[in-house]
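What follows is the content of upload.csv, which has CSV, C-alpha atoms:
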```
chain,number,residue,atom,x,y,z
A,1,SER,CA,0.0,0.0,0.0
A,2,VAL,CA,1.0,3.6,-0.4
A,3,THR,CA,1.0,5.8,2.7
A,4,GLY,CA,1.9,9.3,3.4
A,5,VAL,CA,2.4,10.4,-0.2
A,6,GLN,CA,4.0,13.8,-0.2
A,7,THR,CA,3.4,15.9,-3.3
A,8,CYS,CA,6.3,18.3,-3.1
A,9,ALA,CA,7.5,20.2,-6.1
A,10,LEU,CA,7.8,16.8,-7.9
A,11,PRO,CA,4.9,14.3,-7.4
A,12,ILE,CA,5.6,10.6,-7.6
A,13,LEU,CA,3.0,8.1,-8.9
A,14,ILE,CA,3.4,4.6,-7.5
A,15,SER,CA,1.8,1.6,-9.2
A,16,GLY,CA,2.0,-2.2,-9.0
A,17,GLY,CA,3.5,-4.1,-6.1
A,18,GLY,CA,0.2,-4.9,-4.5
A,19,GLY,CA,1.8,-4.2,-1.1
A,20,SER,CA,3.8,-7.4,-1.1
A,21,ALA,CA,7.6,-7.9,-0.9
A,22,THR,CA,9.3,-9.4,-4.0
A,23,GLN,CA,6.8,-7.8,-6.3
A,24,GLU,CA,7.8,-5.1,-8.8
A,25,TRP,CA,6.7,-1.5,-8.1
A,26,GLY,CA,6.4,1.1,-10.8
A,27,LEU,CA,7.5,4.6,-9.9
A,28,THR,CA,6.9,7.6,-12.1
A,29,ALA,CA,7.8,11.3,-11.3
A,30,SER,CA,5.8,13.9,-13.1
A,31,LEU,CA,7.4,17.2,-14.0
A,32,ALA,CA,5.8,20.2,-15.7
A,33,SER,CA,6.2,20.2,-19.4
A,34,GLY,CA,8.8,22.4,-20.9
A,35,VAL,CA,11.3,21.9,-18.1
A,36,SER,CA,14.8,21.1,-19.4
A,37,VAL,CA,16.2,18.1,-17.4
A,38,LYS,CA,19.9,17.2,-17.1
A,39,ARG,CA,19.5,14.1,-14.9
A,40,TRP,CA,17.1,12.1,-12.7
A,41,ASP,CA,18.3,10.4,-9.5
A,42,TRP,CA,16.2,7.9,-7.5
A,43,SER,CA,16.7,6.6,-3.9
A,44,PHE,CA,14.4,3.7,-3.0
A,45,GLY,CA,14.7,3.9,0.8
A,46,ASP,CA,16.1,0.3,1.1
A,47,GLY,CA,19.7,1.2,0.5
A,48,THR,CA,19.5,1.0,-3.3
A,49,SER,CA,19.4,3.8,-5.8
A,50,ALA,CA,19.4,4.6,-9.5
A,51,GLY,CA,21.3,7.5,-11.0
A,52,ASP,CA,20.9,9.4,-14.2
A,53,THR,CA,18.1,7.3,-15.4
A,54,GLY,CA,14.7,8.9,-16.2
A,55,SER,CA,11.3,9.8,-14.9
A,56,SER,CA,10.2,6.2,-14.5
A,57,GLU,CA,11.8,3.4,-12.5
A,58,GLN,CA,11.0,-0.2,-11.4
A,59,GLN,CA,11.9,-1.4,-7.9
A,60,VAL,CA,11.5,-4.8,-6.2
A,61,TYR,CA,11.6,-4.6,-2.3
A,62,ARG,CA,13.0,-7.8,-0.8
A,63,SER,CA,11.7,-7.2,2.7
A,64,LYS,CA,8.7,-5.8,4.6
A,65,GLY,CA,8.7,-2.3,5.9
A,66,THR,CA,8.0,1.3,5.0
A,67,PHE,CA,10.4,2.9,2.5
A,68,LEU,CA,10.8,6.5,1.6
A,69,VAL,CA,11.3,6.9,-2.1
A,70,VAL,CA,13.0,10.2,-3.1
A,71,VAL,CA,13.6,11.4,-6.6
A,72,SER,CA,15.8,14.4,-7.4
A,73,VAL,CA,15.8,16.1,-10.8
A,74,THR,CA,18.7,18.3,-11.8
A,75,LYS,CA,17.6,20.9,-14.4
A,76,THR,CA,19.9,22.2,-17.1
A,77,ASP,CA,20.3,25.4,-15.1
A,78,GLY,CA,21.6,23.4,-12.1
A,79,THR,CA,18.4,23.8,-10.0
A,80,VAL,CA,17.4,20.6,-8.1
A,81,ILE,CA,13.8,19.7,-7.6
A,82,THR,CA,12.9,16.8,-5.2
A,83,GLY,CA,9.8,14.8,-4.4
A,84,SER,CA,9.2,11.9,-2.1
A,85,ALA,CA,6.6,9.2,-1.3
A,86,SER,CA,6.3,6.4,1.3
A,87,ILE,CA,5.7,2.8,0.3
A,88,THR,CA,4.6,0.2,2.8
A,89,VAL,CA,5.4,-3.4,1.9
A,90,SER,CA,3.7,-6.0,4.0
```

Take the structure in the file and write it out as structure tokens.
Amino acid sequence: SVTGVQTCALPILISGGGGSATQEWGLTASLASGVSVKRWDWSFGDGTSAGDTGSSEQQVYRSKGTFLVVVSVTKTDGTVITGSASITVS
């Protein structure tokens, strides 16, 4: 389940997973159109991360718990925008 979703400057849409460990979760960050992006960096809250990927990621959580997903976008002008959401895996 998804709990405590925080829609900061960069909302994150979470899909899949079904709340269970070892199932794949889809994560998509939405950014206003027309924003020039240099890179996307993801932290999945379980000690793993993905750097310089894109606005969508897939993640499999191997254990139960609540994980804070954070995405940071570096714009071409050097400004960084972040967003976060909590995922509870049972």

All residues 10 Å or closer to Ser49 of chain A, only C-alpha atoms, same chain fewer than 5 positions away omitted, as a JSON list (two decimals) with C-alpha atoms, in the frame of the given file:
```json
[["chain", "number", "residue", "atom", "x", "y", "z"],
["A", 41, "ASP", "CA", 18.30, 10.40, -9.50],
["A", 42, "TRP", "CA", 16.20, 7.90, -7.50],
["A", 43, "SER", "CA", 16.70, 6.60, -3.90],
["A", 44, "PHE", "CA", 14.40, 3.70, -3.00],
["A", 59, "GLN", "CA", 11.90, -1.40, -7.90],
["A", 69, "VAL", "CA", 11.30, 6.90, -2.10],
["A", 70, "VAL", "CA", 13.00, 10.20, -3.10],
["A", 71, "VAL", "CA", 13.60, 11.40, -6.60]]
```

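In terms of minimum interatomic distance to Ala85 of chain A, A:Thr28 ranks closest within A:Thr28, A:Ser63, A:Ser55, A:Ser36, counting only C-alpha atoms.
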
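Using all atoms listed in the file, the smallest distance between any of A:Val80, A:Leu68, A:Val89, A:Gly26 and Asp46 of chain A comes from A:Leu68.
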
- Query: Please, what distance in Å, to one decimal, runs between atom CA of Gln23 of chain A and atom CA of Tyr61 of chain A?
  - Reply: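 Atom CA of Tyr61 of chain A lies at a distance of 7.0 Å from atom CA of Gln23 of chain A.
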
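Atom pair atom CA of Phe67 of chain A / atom CA of Ser84 of chain A: separated by 10.2 Å.
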
- Task: Using atom CA of Asp52 of chain A and atom CA of Gly34 of chain A as the two end points, give the distance in Å to one decimal.
- Result: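 Here the two named atoms are 19.0 Å from each other.
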
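Shortest atom-to-atom contact with Glu24 of chain A among A:Ser86, A:Gly45, A:Ala50, A:Val60: A:Val60, counting all atoms listed in the file.
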